[in-house]
>>> print(open('start00.pdb').read())   # PDB, C-alpha atoms
ATOM      1  CA  MET A 115     113.552  91.585 114.031  1.00  0.00           C
ATOM      2  CA  SER A 116     116.757  92.120 112.058  1.00  0.00           C
ATOM      3  CA  ASP A 117     118.646  94.834 110.241  1.00  0.00           C
ATOM      4  CA  ARG A 118     117.404  95.768 106.811  1.00  0.00           C
ATOM      5  CA  THR A 119     119.310  94.269 103.918  1.00  0.00           C
ATOM      6  CA  ALA A 120     119.353  95.545 100.348  1.00  0.00           C
ATOM      7  CA  ALA A 121     116.702  93.963  98.142  1.00  0.00           C
ATOM      8  CA  PRO A 122     117.549  93.022  94.559  1.00  0.00           C
ATOM      9  CA  GLU A 123     114.485  94.638  93.032  1.00  0.00           C
ATOM     10  CA  GLU A 124     113.612  98.307  92.777  1.00  0.00           C
ATOM     11  CA  THR A 125     111.074  99.707  95.248  1.00  0.00           C
ATOM     12  CA  ALA A 126     108.033 101.771  94.368  1.00  0.00           C
ATOM     13  CA  ALA A 127     109.431 104.697  96.325  1.00  0.00           C
ATOM     14  CA  GLU A 128     112.456 104.778  94.041  1.00  0.00           C
ATOM     15  CA  THR A 129     110.375 104.780  90.868  1.00  0.00           C
ATOM     16  CA  ALA A 130     108.077 107.396  92.387  1.00  0.00           C
ATOM     17  CA  GLY A 131     111.123 109.637  92.604  1.00  0.00           C
ATOM     18  CA  GLU A 132     111.919 109.004  88.957  1.00  0.00           C
ATOM     19  CA  THR A 133     108.478 109.828  87.585  1.00  0.00           C
ATOM     20  CA  ALA A 134     107.248 112.499  89.987  1.00  0.00           C
ATOM     21  CA  GLY A 135     108.384 115.210  87.586  1.00  0.00           C
ATOM     22  CA  VAL A 136     105.882 114.040  84.957  1.00  0.00           C
ATOM     23  CA  GLU A 137     102.764 116.173  84.761  1.00  0.00           C
ATOM     24  CA  PRO A 138      99.508 114.206  85.360  1.00  0.00           C
ATOM     25  CA  ALA A 139      98.162 115.540  82.056  1.00  0.00           C
ATOM     26  CA  GLU A 140     100.898 113.591  80.270  1.00  0.00           C
ATOM     27  CA  LEU A 141      99.686 110.272  81.642  1.00  0.00           C
ATOM     28  CA  PRO A 142      97.340 108.017  79.646  1.00  0.00           C
ATOM     29  CA  ASP A 143      93.614 108.378  80.296  1.00  0.00           C
ATOM     30  CA  GLU A 144      93.532 104.733  81.417  1.00  0.00           C
ATOM     31  CA  ILE A 145      95.599 105.715  84.461  1.00  0.00           C
ATOM     32  CA  LEU A 146      94.090 109.119  85.222  1.00  0.00           C
ATOM     33  CA  GLU A 147      90.476 107.941  85.207  1.00  0.00           C
ATOM     34  CA  ASN A 148      91.223 105.440  87.986  1.00  0.00           C
ATOM     35  CA  VAL A 149      92.802 107.992  90.347  1.00  0.00           C
ATOM     36  CA  PRO A 150      90.363 109.522  92.867  1.00  0.00           C
ATOM     37  CA  THR A 151      90.202 113.244  93.596  1.00  0.00           C
ATOM     38  CA  TRP A 152      90.622 114.367  97.187  1.00  0.00           C
ATOM     39  CA  GLU A 153      88.995 117.512  98.590  1.00  0.00           C
ATOM     40  CA  ASP A 154      92.024 117.704 100.880  1.00  0.00           C
ATOM     41  CA  GLU A 155      94.621 119.539  98.747  1.00  0.00           C
ATOM     42  CA  TYR A 156      97.569 117.884 100.486  1.00  0.00           C
ATOM     43  CA  PHE A 157      96.360 114.327  99.815  1.00  0.00           C
ATOM     44  CA  ASP A 158      95.414 115.259  96.265  1.00  0.00           C
ATOM     45  CA  ARG A 159      98.956 116.477  95.571  1.00  0.00           C
ATOM     46  CA  VAL A 160     100.494 113.425  97.243  1.00  0.00           C
ATOM     47  CA  SER A 161      98.364 111.211  95.013  1.00  0.00           C
ATOM     48  CA  ASP A 162      99.947 112.938  91.999  1.00  0.00           C
ATOM     49  CA  ARG A 163     103.280 111.505  93.126  1.00  0.00           C
ATOM     50  CA  LEU A 164     102.028 108.047  94.050  1.00  0.00           C
ATOM     51  CA  MET A 165      99.683 107.361  91.114  1.00  0.00           C
ATOM     52  CA  TYR A 166     102.528 106.128  88.924  1.00  0.00           C
ATOM     53  CA  ASN A 167     103.147 103.074  91.068  1.00  0.00           C
ATOM     54  CA  TYR A 168     100.240 102.540  93.456  1.00  0.00           C
ATOM     55  CA  ASP A 169      96.578 101.681  92.982  1.00  0.00           C
ATOM     56  CA  LEU A 170      95.001 104.443  95.074  1.00  0.00           C
ATOM     57  CA  GLU A 171      91.716 104.580  96.958  1.00  0.00           C
ATOM     58  CA  LYS A 172      89.955 107.357  98.819  1.00  0.00           C
ATOM     59  CA  ASP A 173      88.440 106.964 102.296  1.00  0.00           C
ATOM     60  CA  ARG A 174      89.282 103.295 102.826  1.00  0.00           C
ATOM     61  CA  THR A 175      88.189 101.658 106.100  1.00  0.00           C
ATOM     62  CA  ILE A 176      90.037  98.512 107.180  1.00  0.00           C
ATOM     63  CA  LYS A 177      89.162  96.638 110.369  1.00  0.00           C
ATOM     64  CA  GLY A 178      87.521  99.779 111.752  1.00  0.00           C
ATOM     65  CA  GLU A 179      90.465 102.070 110.930  1.00  0.00           C
ATOM     66  CA  ARG A 180      89.710 104.849 108.408  1.00  0.00           C
ATOM     67  CA  PHE A 181      92.359 106.288 106.101  1.00  0.00           C
ATOM     68  CA  GLU A 182      91.816 109.219 103.759  1.00  0.00           C
ATOM     69  CA  LEU A 183      94.318 107.762 101.309  1.00  0.00           C
ATOM     70  CA  TYR A 184      95.146 104.101 100.741  1.00  0.00           C
ATOM     71  CA  GLY A 185      97.477 102.660  98.139  1.00  0.00           C
ATOM     72  CA  GLU A 186      98.821  99.273  97.197  1.00  0.00           C
ATOM     73  CA  LEU A 187     101.459  97.941  94.868  1.00  0.00           C
ATOM     74  CA  ARG A 188     102.039  94.304  93.946  1.00  0.00           C
ATOM     75  CA  MET A 189     105.029  93.078  91.971  1.00  0.00           C
ATOM     76  CA  GLU A 190     106.187  89.656  90.875  1.00  0.00           C
ATOM     77  CA  ILE A 191     109.833  89.110  90.032  1.00  0.00           C
ATOM     78  CA  GLN A 192     110.836  86.018  88.104  1.00  0.00           C
ATOM     79  CA  LYS A 193     113.690  84.576  86.102  1.00  0.00           C
ATOM     80  CA  GLN A 194     113.003  82.733  82.884  1.00  0.00           C
ATOM     81  CA  LEU A 195     114.734  80.379  80.480  1.00  0.00           C
ATOM     82  CA  VAL A 196     114.133  81.178  76.773  1.00  0.00           C
ATOM     83  CA  HIS A 197     110.330  81.338  77.189  1.00  0.00           C
ATOM     84  CA  PRO A 198     108.173  83.012  79.910  1.00  0.00           C
ATOM     85  CA  ALA A 199     106.515  79.665  80.628  1.00  0.00           C
ATOM     86  CA  LEU A 200     109.902  78.303  81.720  1.00  0.00           C
ATOM     87  CA  ASN A 201     110.343  80.493  84.795  1.00  0.00           C
ATOM     88  CA  TYR A 202     111.813  79.967  88.229  1.00  0.00           C
ATOM     89  CA  ALA A 203     112.836  81.851  91.364  1.00  0.00           C
ATOM     90  CA  ASN A 204     109.470  83.684  91.466  1.00  0.00           C
ATOM     91  CA  HIS A 205     109.279  86.331  94.197  1.00  0.00           C
ATOM     92  CA  GLU A 206     106.301  88.430  95.234  1.00  0.00           C
ATOM     93  CA  THR A 207     106.702  91.896  96.714  1.00  0.00           C
ATOM     94  CA  GLU A 208     103.868  94.039  98.054  1.00  0.00           C
ATOM     95  CA  GLU A 209     103.767  97.586  99.391  1.00  0.00           C
ATOM     96  CA  TYR A 210     100.856  99.290 101.158  1.00  0.00           C
ATOM     97  CA  VAL A 211     100.475 102.911 102.213  1.00  0.00           C
ATOM     98  CA  PHE A 212      97.894 104.155 104.722  1.00  0.00           C
ATOM     99  CA  ALA A 213      97.534 107.915 105.224  1.00  0.00           C
ATOM    100  CA  ARG A 214      95.233 109.971 107.387  1.00  0.00           C
ATOM    101  CA  ARG A 215      94.995 113.363 109.036  1.00  0.00           C
ATOM    102  CA  THR A 216      94.802 114.089 112.768  1.00  0.00           C
ATOM    103  CA  ASN A 217      94.965 117.348 114.730  1.00  0.00           C
ATOM    104  CA  THR A 218      97.541 116.080 117.213  1.00  0.00           C
ATOM    105  CA  ALA A 219      99.777 113.055 116.654  1.00  0.00           C
ATOM    106  CA  ARG A 220     100.635 111.075 119.773  1.00  0.00           C
ATOM    107  CA  VAL A 221     103.048 108.238 120.435  1.00  0.00           C
ATOM    108  CA  ALA A 222     100.192 106.041 121.681  1.00  0.00           C
ATOM    109  CA  GLU A 223      98.404 106.427 118.348  1.00  0.00           C
ATOM    110  CA  LEU A 224     101.554 105.464 116.464  1.00  0.00           C
ATOM    111  CA  GLU A 225     102.050 102.400 118.646  1.00  0.00           C
ATOM    112  CA  ARG A 226      98.465 101.394 117.887  1.00  0.00           C
ATOM    113  CA  LEU A 227      99.114 101.727 114.157  1.00  0.00           C
ATOM    114  CA  VAL A 228     102.187  99.514 114.500  1.00  0.00           C
ATOM    115  CA  GLU A 229     100.097  96.804 116.158  1.00  0.00           C
ATOM    116  CA  PHE A 230      97.491  97.281 113.436  1.00  0.00           C
ATOM    117  CA  GLY A 231     100.236  96.656 110.876  1.00  0.00           C
ATOM    118  CA  HIS A 232     101.221  93.408 112.578  1.00  0.00           C
ATOM    119  CA  ASP A 233      97.586  92.305 112.573  1.00  0.00           C
ATOM    120  CA  LEU A 234      97.338  92.994 108.836  1.00  0.00           C
ATOM    121  CA  ALA A 235     100.524  91.033 108.220  1.00  0.00           C
ATOM    122  CA  ASP A 236      99.044  88.032 110.009  1.00  0.00           C
ATOM    123  CA  GLU A 237      95.915  88.189 107.850  1.00  0.00           C
ATOM    124  CA  TRP A 238      97.177  89.425 104.483  1.00  0.00           C
ATOM    125  CA  ILE A 239     100.525  87.754 103.924  1.00  0.00           C
ATOM    126  CA  VAL A 240     100.602  84.314 102.351  1.00  0.00           C
ATOM    127  CA  ALA A 241     103.823  83.052 103.905  1.00  0.00           C
ATOM    128  CA  ASP A 242     105.446  80.713 101.418  1.00  0.00           C
ATOM    129  CA  GLU A 243     108.621  80.349  99.365  1.00  0.00           C
ATOM    130  CA  GLU A 244     107.416  82.888  96.773  1.00  0.00           C
ATOM    131  CA  HIS A 245     106.848  85.703  99.266  1.00  0.00           C
ATOM    132  CA  PHE A 246     109.861  88.018  99.284  1.00  0.00           C
ATOM    133  CA  GLY A 247     108.705  91.078 101.196  1.00  0.00           C
ATOM    134  CA  THR A 248     105.773  93.252 102.247  1.00  0.00           C
ATOM    135  CA  ASP A 249     105.967  96.872 103.418  1.00  0.00           C
ATOM    136  CA  TYR A 250     103.283  98.666 105.446  1.00  0.00           C
ATOM    137  CA  THR A 251     103.825 102.433 105.581  1.00  0.00           C
ATOM    138  CA  PHE A 252     101.628 104.600 107.814  1.00  0.00           C
ATOM    139  CA  VAL A 253     101.556 108.333 107.088  1.00  0.00           C
ATOM    140  CA  VAL A 254     100.017 110.632 109.696  1.00  0.00           C
ATOM    141  CA  VAL A 255      99.364 114.228 108.623  1.00  0.00           C
ATOM    142  CA  THR A 256      99.141 116.578 111.579  1.00  0.00           C
ATOM    143  CA  ASP A 257      99.298 120.250 112.619  1.00  0.00           C
ATOM    144  CA  SER A 258     102.717 120.034 114.278  1.00  0.00           C
ATOM    145  CA  ILE A 259     105.219 117.402 115.410  1.00  0.00           C
ATOM    146  CA  SER A 260     106.016 117.178 119.125  1.00  0.00           C
ATOM    147  CA  ASP A 261     109.469 116.247 120.396  1.00  0.00           C
ATOM    148  CA  ASP A 262     108.390 112.883 121.779  1.00  0.00           C
ATOM    149  CA  VAL A 263     106.699 111.914 118.503  1.00  0.00           C
ATOM    150  CA  ARG A 264     109.730 113.019 116.496  1.00  0.00           C
ATOM    151  CA  SER A 265     112.030 110.974 118.719  1.00  0.00           C
ATOM    152  CA  PHE A 266     109.808 107.903 118.528  1.00  0.00           C
ATOM    153  CA  VAL A 267     109.464 107.974 114.741  1.00  0.00           C
ATOM    154  CA  SER A 268     113.083 108.793 113.929  1.00  0.00           C
ATOM    155  CA  GLY A 269     114.297 105.871 116.019  1.00  0.00           C
ATOM    156  CA  PHE A 270     111.644 103.407 114.882  1.00  0.00           C
ATOM    157  CA  SER A 271     112.478 100.257 112.925  1.00  0.00           C
ATOM    158  CA  ASP A 272     110.349  97.123 112.709  1.00  0.00           C
ATOM    159  CA  ARG A 273     111.262  94.290 110.332  1.00  0.00           C
ATOM    160  CA  THR A 274     109.996  90.762 110.899  1.00  0.00           C
ATOM    161  CA  LEU A 275     111.469  87.676 109.257  1.00  0.00           C
ATOM    162  CA  LEU A 276     109.026  84.919 108.383  1.00  0.00           C
ATOM    163  CA  LYS A 277     110.303  81.441 109.146  1.00  0.00           C
ATOM    164  CA  PHE A 278     113.818  82.864 109.684  1.00  0.00           C
ATOM    165  CA  GLY A 279     113.586  84.619 106.310  1.00  0.00           C
ATOM    166  CA  TYR A 280     112.764  81.494 104.323  1.00  0.00           C
ATOM    167  CA  TYR A 281     109.300  82.964 103.681  1.00  0.00           C
ATOM    168  CA  GLY A 282     110.620  86.486 103.242  1.00  0.00           C
ATOM    169  CA  HIS A 283     109.904  89.355 105.598  1.00  0.00           C
ATOM    170  CA  TYR A 284     107.555  92.251 106.287  1.00  0.00           C
ATOM    171  CA  GLU A 285     108.341  95.735 107.483  1.00  0.00           C
ATOM    172  CA  ILE A 286     106.345  98.496 109.178  1.00  0.00           C
ATOM    173  CA  ASN A 287     107.293 102.125 108.501  1.00  0.00           C
ATOM    174  CA  LEU A 288     106.061 105.378 110.042  1.00  0.00           C
ATOM    175  CA  ILE A 289     105.966 108.921 108.626  1.00  0.00           C
ATOM    176  CA  ILE A 290     104.685 112.072 110.350  1.00  0.00           C
ATOM    177  CA  VAL A 291     104.059 115.173 108.231  1.00  0.00           C
ATOM    178  CA  ALA A 292     103.151 118.732 109.251  1.00  0.00           C
ATOM    179  CA  PRO A 293     102.649 120.420 105.850  1.00  0.00           C
ATOM    180  CA  ASP A 294     101.832 123.878 107.252  1.00  0.00           C
ATOM    181  CA  TYR A 295     105.275 123.973 108.888  1.00  0.00           C
ATOM    182  CA  GLU A 296     106.992 122.104 106.060  1.00  0.00           C
ATOM    183  CA  ASP A 297     108.139 119.583 108.638  1.00  0.00           C
ATOM    184  CA  ALA A 298     108.311 115.797 108.422  1.00  0.00           C
ATOM    185  CA  VAL A 299     110.070 112.836 109.993  1.00  0.00           C
ATOM    186  CA  GLY A 300     110.183 109.202 108.929  1.00  0.00           C
ATOM    187  CA  SER A 301     111.345 105.973 110.477  1.00  0.00           C
ATOM    188  CA  LYS A 302     114.704 104.557 109.412  1.00  0.00           C
ATOM    189  CA  ASN A 303     113.462 102.714 106.323  1.00  0.00           C
ATOM    190  CA  ALA A 304     110.477 104.868 105.334  1.00  0.00           C
ATOM    191  CA  ASP A 305     111.380 105.347 101.669  1.00  0.00           C
ATOM    192  CA  LEU A 306     108.137 107.209 100.921  1.00  0.00           C
ATOM    193  CA  LEU A 307     109.199 110.201 103.036  1.00  0.00           C
ATOM    194  CA  GLU A 308     110.446 112.014  99.949  1.00  0.00           C
ATOM    195  CA  ALA A 309     107.146 111.492  98.155  1.00  0.00           C
ATOM    196  CA  VAL A 310     105.065 113.144 100.916  1.00  0.00           C
ATOM    197  CA  THR A 311     107.291 116.182 101.558  1.00  0.00           C
ATOM    198  CA  LEU A 312     105.702 118.291  98.841  1.00  0.00           C
ATOM    199  CA  TRP A 313     107.805 121.357  99.624  1.00  0.00           C
ATOM    200  CA  GLU A 314     110.952 119.461  98.645  1.00  0.00           C
ATOM    201  CA  ARG A 315     111.858 118.746  95.042  1.00  0.00           C
ATOM    202  CA  VAL A 316     112.072 115.028  94.382  1.00  0.00           C
ATOM    203  CA  SER A 317     115.674 114.097  93.722  1.00  0.00           C
ATOM    204  CA  GLU A 318     116.495 113.161  90.166  1.00  0.00           C
ATOM    205  CA  GLN A 319     117.412 109.536  89.669  1.00  0.00           C
ATOM    206  CA  LYS A 320     118.331 107.401  86.722  1.00  0.00           C
ATOM    207  CA  GLN A 321     115.401 105.586  85.200  1.00  0.00           C
ATOM    208  CA  GLY A 322     115.026 102.166  86.731  1.00  0.00           C
ATOM    209  CA  PHE A 323     113.655  99.001  85.248  1.00  0.00           C
ATOM    210  CA  TRP A 324     110.036  99.573  86.327  1.00  0.00           C
ATOM    211  CA  THR A 325     109.934 103.081  84.887  1.00  0.00           C
ATOM    212  CA  ARG A 326     111.487 102.006  81.578  1.00  0.00           C
ATOM    213  CA  LEU A 327     108.973  99.165  81.341  1.00  0.00           C
ATOM    214  CA  ALA A 328     106.015 101.474  82.072  1.00  0.00           C
ATOM    215  CA  LEU A 329     107.131 104.079  79.543  1.00  0.00           C
ATOM    216  CA  LYS A 330     107.653 101.416  76.891  1.00  0.00           C
ATOM    217  CA  PHE A 331     104.206  99.937  77.550  1.00  0.00           C
ATOM    218  CA  TRP A 332     102.373 103.268  77.319  1.00  0.00           C
ATOM    219  CA  LYS A 333     104.105 104.565  74.175  1.00  0.00           C
TER
END
>>> encode(input="start00.pdb", output="structure tokens")
Amino acid sequence: MSDRTAAPEETAAETAGETAGVEPAELPDEILENVPTWEDEYFDRVSDRLMYNYDLEKDRTIKGERFELYGELRMEIQKQLVHPALNYANHETEEYVFARRTNTARVAELERLVEFGHDLADEWIVADEEHFGTDYTFVVVTDSISDDVRSFVSGFSDRTLLKFGYYGHYEINLIIVAPDYEDAVGSKNADLLEAVTLWERVSEQKQGFWTRLALKFWK
């Protein structure tokens, strides 16, 4: 484990903040037709904020664990000389979000999700020179947040270097949300916290590279 350091590329959570003010009706049909509809109003509204950056799935089961909402984002960063074929310093970044609802969130359940995240990292990550970073964010939607759960999540941080950082790193993040009480808490580096607190207005940010590229492509 080590302290988080600033990454050179822009994260999906940042671009989610930039585009969350766009109405879904303004998006191209090619995007909208691939976004599922959730009967759960909370997850359906969260998907409206995540659809700009994540490929979303409904009711995904992975290794016996069921999640009402699952999303993934894959990015490749590269530098090039004159022509795209002459590229170097390629880096791959991946982000995954797993969200589900439970009546009562417990610390033991969160610890189990953390271990589940480590298991996925062992199976999913191709550890090589091109891997820069992978984030696993677990979102648990619950009726209320107990003091012990709040304390555990707010103090949680889990970042693992692969081959001393030569093969990049992966990070596990936790978020607990109680929508009925408009209450939420995230671990230290859980950037998606803003995206799942629907009662808060997403902060306005300058358009980043990924948003400018997406808008240019869809014009």
>>> resolve_selection(input="start00.pdb", expression="the PyMOL selection byres ((chain A and resi 303) around 9)", output="number ranges by chain")
A: 118, 270-271, 285-288, 300-302, 304-306
>>> axis_aligned_box(input="start00.pdb", around="region 211-225 of chain A", padding_each_side="8 Å", output="lines of an AutoDock Vina configuration file")
center_x = 98.9
center_y = 109.9
center_z = 111.9
size_x = 24.2
size_y = 30.9
size_z = 35.5
>>> atom_distance(input="start00.pdb", atom1="CA of Asp297 (chain A)", atom2="CA of Trp313 (chain A)")
9.2 Å
>>> resolve_selection(input="start00.pdb", expression="the PyMOL selection byres ((chain A and resi 251) around 7)", output="PyMOL selection string")
chain A and resi 210-212+249-250+252-253+286-288
>>> resolve_selection(input="start00.pdb", expression="the PyMOL selection byres ((chain A and resi 153-157) around 12)", output="number ranges by chain")
A: 149-152, 158-165, 170-173, 181-185, 212-215, 253-256, 291-294, 296, 309-313
>>> write_last_selection(input="start00.pdb", atoms="C-alpha atoms", output="short mmCIF file (atom, residue, chain, number, x, y, z; two decimals), in the frame of the given file")
data_model
loop_
_atom_site.label_atom_id
_atom_site.label_comp_id
_atom_site.auth_asym_id
_atom_site.auth_seq_id
_atom_site.Cartn_x
_atom_site.Cartn_y
_atom_site.Cartn_z
CA VAL A 149 92.80 107.99 90.35
CA PRO A 150 90.36 109.52 92.87
CA THR A 151 90.20 113.24 93.60
CA TRP A 152 90.62 114.37 97.19
CA ASP A 158 95.41 115.26 96.26
CA ARG A 159 98.96 116.48 95.57
CA VAL A 160 100.49 113.42 97.24
CA SER A 161 98.36 111.21 95.01
CA ASP A 162 99.95 112.94 92.00
CA ARG A 163 103.28 111.50 93.13
CA LEU A 164 102.03 108.05 94.05
CA MET A 165 99.68 107.36 91.11
CA LEU A 170 95.00 104.44 95.07
CA GLU A 171 91.72 104.58 96.96
CA LYS A 172 89.96 107.36 98.82
CA ASP A 173 88.44 106.96 102.30
CA PHE A 181 92.36 106.29 106.10
CA GLU A 182 91.82 109.22 103.76
CA LEU A 183 94.32 107.76 101.31
CA TYR A 184 95.15 104.10 100.74
CA GLY A 185 97.48 102.66 98.14
CA PHE A 212 97.89 104.16 104.72
CA ALA A 213 97.53 107.92 105.22
CA ARG A 214 95.23 109.97 107.39
CA ARG A 215 95.00 113.36 109.04
CA VAL A 253 101.56 108.33 107.09
CA VAL A 254 100.02 110.63 109.70
CA VAL A 255 99.36 114.23 108.62
CA THR A 256 99.14 116.58 111.58
CA VAL A 291 104.06 115.17 108.23
CA ALA A 292 103.15 118.73 109.25
CA PRO A 293 102.65 120.42 105.85
CA ASP A 294 101.83 123.88 107.25
CA GLU A 296 106.99 122.10 106.06
CA ALA A 309 107.15 111.49 98.16
CA VAL A 310 105.06 113.14 100.92
CA THR A 311 107.29 116.18 101.56
CA LEU A 312 105.70 118.29 98.84
CA TRP A 313 107.80 121.36 99.62
#
>>> closest_residue(input="start00.pdb", among="A:Ile239, A:Phe266, A:Thr248, A:Gly178", to="Arg220 (chain A)", atoms="only C-alpha atoms")
A:Phe266
>>> atom_distance(input="start00.pdb", atom1="CA of Ala219 (chain A)", atom2="CA of Asn167 (chain A)")
27.7 Å
>>> closest_residue(input="start00.pdb", among="A:Met189, A:Ala235, A:Ile259, A:Ile176", to="Glu208 (chain A)", atoms="all atoms listed in the file")
A:Met189
>>> atom_distance(input="start00.pdb", atom1="CA of Thr216 (chain A)", atom2="CA of Val263 (chain A)")
13.4 Å
>>> residues_around(input="start00.pdb", residues="Asp236 (chain A)", least_positions_apart="3", cutoff="12 Å", atoms="all atoms listed in the file", output="ChimeraX atom specification")
/A:229-233,239-241,248,274,276,283-284
>>> closest_residue(input="start00.pdb", among="A:Leu234, A:Leu307, A:Leu146, A:Val228", to="Ile290 (chain A)", atoms="all atoms listed in the file")
A:Leu307
>>> closest_residue(input="start00.pdb", among="A:Glu186, A:Glu223, A:Glu179, A:Glu206", to="Tyr166 (chain A)", atoms="only C-alpha atoms")
A:Glu186
